[in-house]
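Asker: Structure file target_8.cif (mmCIF, C-alpha atoms) right here:
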```cif
data_structure
#
loop_
_atom_site.group_PDB
_atom_site.id
_atom_site.type_symbol
_atom_site.label_atom_id
_atom_site.label_comp_id
_atom_site.auth_asym_id
_atom_site.auth_seq_id
_atom_site.Cartn_x
_atom_site.Cartn_y
_atom_site.Cartn_z
ATOM 1 C CA MET A 9 0.000 0.000 0.000
ATOM 2 C CA ASP A 10 1.494 3.326 -1.002
ATOM 3 C CA PRO A 11 1.194 6.515 1.112
ATOM 4 C CA GLN A 12 -1.567 7.997 -1.076
ATOM 5 C CA GLN A 13 -3.790 4.941 -0.662
ATOM 6 C CA TYR A 14 -3.188 4.933 3.078
ATOM 7 C CA GLN A 15 -4.043 8.630 3.341
ATOM 8 C CA GLN A 16 -7.230 8.105 1.332
ATOM 9 C CA ILE A 17 -8.332 5.204 3.563
ATOM 10 C CA GLU A 18 -7.505 7.260 6.656
ATOM 11 C CA GLN A 19 -9.591 10.206 5.450
ATOM 12 C CA GLN A 20 -12.543 7.915 4.710
ATOM 13 C CA ASN A 21 -12.455 6.280 8.149
ATOM 14 C CA THR A 22 -11.640 9.304 10.292
ATOM 15 C CA PRO A 23 -14.751 10.909 11.765
ATOM 16 C CA PRO A 24 -15.108 14.658 11.200
ATOM 17 C CA THR A 25 -13.799 16.882 13.988
ATOM 18 C CA PRO A 26 -16.601 18.810 15.723
ATOM 19 C CA TYR A 27 -14.823 22.189 15.763
ATOM 20 C CA LEU A 28 -17.854 24.250 16.745
ATOM 21 C CA LYS A 29 -18.820 21.864 19.559
ATOM 22 C CA ASN A 30 -15.247 21.819 20.910
ATOM 23 C CA ALA A 31 -14.976 25.610 20.755
ATOM 24 C CA LEU A 32 -18.301 26.004 22.553
ATOM 25 C CA LYS A 33 -17.266 23.588 25.330
ATOM 26 C CA ALA A 34 -13.912 25.364 25.732
ATOM 27 C CA PHE A 35 -15.632 28.761 25.843
ATOM 28 C CA LEU A 36 -18.204 27.657 28.417
ATOM 29 C CA VAL A 37 -15.761 25.859 30.724
ATOM 30 C CA GLY A 38 -13.226 28.688 30.515
ATOM 31 C CA GLY A 39 -16.005 31.151 31.288
ATOM 32 C CA ILE A 40 -17.193 29.108 34.259
ATOM 33 C CA ILE A 41 -13.630 28.934 35.616
ATOM 34 C CA CYS A 42 -13.332 32.711 35.266
ATOM 35 C CA ALA A 43 -16.736 33.231 36.918
ATOM 36 C CA ILE A 44 -15.590 31.094 39.862
ATOM 37 C CA GLY A 45 -12.477 33.252 40.062
ATOM 38 C CA GLN A 46 -14.607 36.397 40.085
ATOM 39 C CA ALA A 47 -16.772 34.941 42.864
ATOM 40 C CA ILE A 48 -13.652 34.185 44.902
ATOM 41 C CA THR A 49 -12.493 37.773 44.353
ATOM 42 C CA TYR A 50 -15.800 39.075 45.705
ATOM 43 C CA LEU A 51 -15.517 36.751 48.722
ATOM 44 C CA TYR A 52 -12.090 38.169 49.527
ATOM 45 C CA ILE A 53 -13.395 41.713 49.162
ATOM 46 C CA ILE A 54 -16.549 41.159 51.250
ATOM 47 C CA PHE A 55 -15.301 38.873 54.024
ATOM 48 C CA PHE A 56 -11.584 39.655 54.321
ATOM 49 C CA ASP A 57 -11.481 43.422 53.638
ATOM 50 C CA PHE A 58 -9.358 43.161 50.504
ATOM 51 C CA THR A 59 -9.519 45.970 47.975
ATOM 52 C CA ASP A 60 -10.176 45.515 44.281
ATOM 53 C CA LYS A 61 -6.441 45.780 43.641
ATOM 54 C CA THR A 62 -5.263 43.413 46.376
ATOM 55 C CA ALA A 63 -7.900 40.702 45.976
ATOM 56 C CA GLY A 64 -6.447 39.646 42.615
ATOM 57 C CA ASN A 65 -3.285 38.167 44.122
ATOM 58 C CA ALA A 66 -5.213 36.085 46.643
ATOM 59 C CA THR A 67 -7.664 34.996 43.951
ATOM 60 C CA VAL A 68 -4.912 33.795 41.638
ATOM 61 C CA ALA A 69 -3.255 31.869 44.459
ATOM 62 C CA THR A 70 -6.590 30.296 45.422
ATOM 63 C CA MET A 71 -7.432 29.313 41.846
ATOM 64 C CA VAL A 72 -4.002 27.735 41.304
ATOM 65 C CA PHE A 73 -4.342 25.871 44.611
ATOM 66 C CA ILE A 74 -7.801 24.552 43.668
ATOM 67 C CA ALA A 75 -6.461 23.394 40.287
ATOM 68 C CA MET A 76 -3.554 21.649 41.987
ATOM 69 C CA VAL A 77 -5.867 19.801 44.371
ATOM 70 C CA LEU A 78 -8.192 18.792 41.514
ATOM 71 C CA THR A 79 -5.187 17.557 39.528
ATOM 72 C CA GLY A 80 -3.958 15.525 42.480
ATOM 73 C CA LEU A 81 -7.397 13.925 42.768
ATOM 74 C CA GLY A 82 -7.456 13.164 39.028
ATOM 75 C CA LEU A 83 -10.450 15.419 38.341
ATOM 76 C CA TYR A 84 -8.700 18.134 36.333
ATOM 77 C CA ARG A 85 -7.661 15.603 33.692
ATOM 78 C CA LYS A 86 -11.332 14.760 33.122
ATOM 79 C CA LEU A 87 -12.166 18.460 32.890
ATOM 80 C CA GLY A 88 -9.335 18.932 30.382
ATOM 81 C CA ALA A 89 -10.528 15.991 28.298
ATOM 82 C CA PHE A 90 -13.994 17.526 28.151
ATOM 83 C CA ALA A 91 -13.108 21.213 27.729
ATOM 84 C CA GLY A 92 -9.753 21.160 25.953
ATOM 85 C CA ALA A 93 -8.185 24.614 25.891
ATOM 86 C CA GLY A 94 -11.006 25.986 28.026
ATOM 87 C CA SER A 95 -9.355 24.416 31.060
ATOM 88 C CA ALA A 96 -5.770 25.136 30.022
ATOM 89 C CA VAL A 97 -5.915 28.827 29.198
ATOM 90 C CA PRO A 98 -6.952 30.279 32.592
ATOM 91 C CA VAL A 99 -4.369 30.435 35.383
ATOM 92 C CA THR A 100 -5.678 27.097 36.633
ATOM 93 C CA GLY A 101 -3.940 25.469 33.681
ATOM 94 C CA PHE A 102 -0.598 26.515 35.189
ATOM 95 C CA GLY A 103 -1.397 24.784 38.474
ATOM 96 C CA ASN A 104 -2.503 21.688 36.602
ATOM 97 C CA ALA A 105 0.683 21.611 34.522
ATOM 98 C CA VAL A 106 2.965 21.953 37.556
ATOM 99 C CA VAL A 107 1.272 19.211 39.561
ATOM 100 C CA SER A 108 0.953 16.892 36.547
ATOM 101 C CA ALA A 109 4.699 17.140 35.968
ATOM 102 C CA ALA A 110 5.351 16.489 39.657
ATOM 103 C CA ILE A 111 3.084 13.432 39.666
ATOM 104 C CA GLU A 112 4.888 12.018 36.610
ATOM 105 C CA GLY A 113 8.227 12.248 38.416
ATOM 106 C CA ARG A 114 7.207 10.755 41.744
ATOM 107 C CA THR A 115 8.716 7.344 40.919
ATOM 108 C CA GLU A 116 12.149 8.967 40.607
ATOM 109 C CA GLY A 117 12.118 10.326 44.167
ATOM 110 C CA TRP A 118 11.238 13.584 45.863
ATOM 111 C CA VAL A 119 14.162 15.722 44.757
ATOM 112 C CA LEU A 120 15.174 14.382 41.353
ATOM 113 C CA GLY A 121 11.679 13.308 40.354
ATOM 114 C CA VAL A 122 9.031 15.543 41.862
ATOM 115 C CA GLY A 123 11.182 18.631 42.400
ATOM 116 C CA SER A 124 12.949 18.683 39.065
ATOM 117 C CA ASN A 125 9.889 17.769 36.990
ATOM 118 C CA MET A 126 7.783 20.366 38.754
ATOM 119 C CA PHE A 127 10.238 23.129 37.900
ATOM 120 C CA LYS A 128 10.664 22.129 34.258
ATOM 121 C CA LEU A 129 7.562 24.186 33.524
ATOM 122 C CA ALA A 130 7.324 26.421 36.575
ATOM 123 C CA GLY A 131 10.966 27.474 36.368
ATOM 124 C CA SER A 132 10.633 29.049 32.951
ATOM 125 C CA VAL A 133 7.339 30.725 33.863
ATOM 126 C CA ILE A 134 8.823 32.151 37.054
ATOM 127 C CA LEU A 135 11.997 33.244 35.268
ATOM 128 C CA PHE A 136 10.162 35.104 32.509
ATOM 129 C CA GLY A 137 7.643 36.536 34.981
ATOM 130 C CA VAL A 138 10.326 37.931 37.280
ATOM 131 C CA GLY A 139 12.470 39.093 34.356
ATOM 132 C CA SER A 140 9.636 40.921 32.617
ATOM 133 C CA ALA A 141 8.458 42.463 35.918
ATOM 134 C CA PHE A 142 11.989 43.747 36.536
ATOM 135 C CA PHE A 143 12.219 45.394 33.121
ATOM 136 C CA ILE A 144 8.748 46.937 33.390
ATOM 137 C CA ALA A 145 9.619 48.326 36.837
ATOM 138 C CA LEU A 146 12.903 49.677 35.468
ATOM 139 C CA ILE A 147 11.116 51.398 32.580
ATOM 140 C CA LYS A 148 8.565 52.881 34.973
ATOM 141 C CA LEU A 149 11.349 54.102 37.304
ATOM 142 C CA ILE A 150 13.034 55.826 34.393
ATOM 143 C CA LEU A 151 9.762 57.411 33.249
ATOM 144 C CA VAL A 152 8.979 58.588 36.786
ATOM 145 C CA SER A 153 12.498 60.007 37.178
ATOM 146 C CA MET A 154 12.057 61.921 33.922
ATOM 147 C CA GLY A 155 8.671 63.238 35.108
ATOM 148 C CA VAL A 156 6.732 61.577 32.291
ATOM 149 C CA VAL A 157 4.479 59.583 34.633
ATOM 150 C CA LYS A 158 3.662 59.605 38.351
ATOM 151 C CA TRP A 159 3.584 56.707 40.777
#
```
Could you take the file, read its structure, and then write that structure out as structure tokens?
Answerer:
Amino acid sequence: MDPQQYQQIEQQNTPPTPYLKNALKAFLVGGIICAIGQAITYLYIIFFDFTDKTAGNATVATMVFIAMVLTGLGLYRKLGAFAGAGSAVPVTGFGNAVVSAAIEGRTEGWVLGVGSNMFKLAGSVILFGVGSAFFIALIKLILVSMGVVKW
């Protein structure tokens, strides 16, 4: 069988991809995750006297923690299988990715397995986050020193 025949047989037997259905599921699940995050923000503002500006940090930490717990329990994988990118795009996808990598390395030990696998993804995210924050702060310091903007 030559490659053209194989490709023709594959196209005949492969079911069509439901793009619209997948996009709708991703949109709805991503929206629900974001709505949960907004509800958590309001809880921090109402019950813990956070401001609009300070509640965001606690909300992000809470959402990442929830995603990590759900990943550890095996529930986030099911959500990802259903929603696709809808579960990966919000910040919860970062928590899922870190814990998934740690779980994969647990057979290699705590330090070389869990620790190193966990920081394969998180290390680059933290590095670029800190690096970009430093350069943005430096640019703002220069602009403030020149009198272009105010703190």
Asker: So which residues get picked by the PyMOL selection byres ((chain A and resi 87) around 12) here, written as a ChimeraX atom specification?
Answerer: /A:33-34,36-38,40-41,75,78-79,81-86,88-96,100-101,104
Asker: With C-alpha atoms retained, export the selected residues as a PDB file, keeping the file's coordinate frame.
Answerer:
```pdb
ATOM      1  CA  LYS A  33     -17.266  23.588  25.330  1.00  0.00           C
ATOM      2  CA  ALA A  34     -13.912  25.364  25.732  1.00  0.00           C
ATOM      3  CA  LEU A  36     -18.204  27.657  28.417  1.00  0.00           C
ATOM      4  CA  VAL A  37     -15.761  25.859  30.724  1.00  0.00           C
ATOM      5  CA  GLY A  38     -13.226  28.688  30.515  1.00  0.00           C
ATOM      6  CA  ILE A  40     -17.193  29.108  34.259  1.00  0.00           C
ATOM      7  CA  ILE A  41     -13.630  28.934  35.616  1.00  0.00           C
ATOM      8  CA  ALA A  75      -6.461  23.394  40.287  1.00  0.00           C
ATOM      9  CA  LEU A  78      -8.192  18.792  41.514  1.00  0.00           C
ATOM     10  CA  THR A  79      -5.187  17.557  39.528  1.00  0.00           C
ATOM     11  CA  LEU A  81      -7.397  13.925  42.768  1.00  0.00           C
ATOM     12  CA  GLY A  82      -7.456  13.164  39.028  1.00  0.00           C
ATOM     13  CA  LEU A  83     -10.450  15.419  38.341  1.00  0.00           C
ATOM     14  CA  TYR A  84      -8.700  18.134  36.333  1.00  0.00           C
ATOM     15  CA  ARG A  85      -7.661  15.603  33.692  1.00  0.00           C
ATOM     16  CA  LYS A  86     -11.332  14.760  33.122  1.00  0.00           C
ATOM     17  CA  GLY A  88      -9.335  18.932  30.382  1.00  0.00           C
ATOM     18  CA  ALA A  89     -10.528  15.991  28.298  1.00  0.00           C
ATOM     19  CA  PHE A  90     -13.994  17.526  28.151  1.00  0.00           C
ATOM     20  CA  ALA A  91     -13.108  21.213  27.729  1.00  0.00           C
ATOM     21  CA  GLY A  92      -9.753  21.160  25.953  1.00  0.00           C
ATOM     22  CA  ALA A  93      -8.185  24.614  25.891  1.00  0.00           C
ATOM     23  CA  GLY A  94     -11.006  25.986  28.026  1.00  0.00           C
ATOM     24  CA  SER A  95      -9.355  24.416  31.060  1.00  0.00           C
ATOM     25  CA  ALA A  96      -5.770  25.136  30.022  1.00  0.00           C
ATOM     26  CA  THR A 100      -5.678  27.097  36.633  1.00  0.00           C
ATOM     27  CA  GLY A 101      -3.940  25.469  33.681  1.00  0.00           C
ATOM     28  CA  ASN A 104      -2.503  21.688  36.602  1.00  0.00           C
TER      29      ASN A 104
END
```
Asker: Could you tell me how far CA of Asn65 in chain A lies from CA of Ala110 in chain A, in Å and to one decimal?
Answerer: 23.8 Å
Asker: So the first atom is CA of Phe55 in chain A and the second is CA of Phe73 in chain A; what is the distance between them in Å, to one decimal place?
Answerer: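 These two atoms are separated by 19.4 Å.
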Asker: Calculated over all atoms listed in the file, which of the candidates A:Ala105, A:Ile48, A:Ala43, A:Ile54 has the smallest distance to Ala66 in chain A?
Answerer: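 So, comparing all the options, the nearest one is A:Ile48.
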Asker: Once the PyMOL selection byres ((chain A and resi 50) around 12) is applied to the coordinates I shared, what remains selected? I want it as a list in words.
Answerer: Ala43, Ile44, Gly45, Gln46, Ala47, Ile48, Thr49, Leu51, Tyr52, Ile53, Ile54, Phe55, Phe56, Asp57, Phe58, Thr59, Asp60, Lys61, Thr62, Ala63, Gly64, Ala66 and Thr67 of chain A
Asker: Quick check, in Å to one decimal: how far apart do CA of Val138 in chain A and CA of Val99 in chain A lie?
Answerer: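 Calculated distance between CA of Val138 in chain A and CA of Val99 in chain A is 16.6 Å.
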Asker: Calculate, to one decimal in Å, the centre and edge lengths of the box along x, y and z of the file that holds all listed atoms of range 88-93 of chain A with 6 Å of margin on each side, and present them as JSON.
Answerer:
```
{"center_x": -11.1, "center_y": 20.3, "center_z": 28.1, "size_x": 17.8, "size_y": 20.6, "size_z": 16.5}
```
Asker: Enumerate, as a count of residues only, the residues matched when the PyMOL selection byres ((chain A and resi 126-134) around 10) is run on the file above.
Answerer: 24
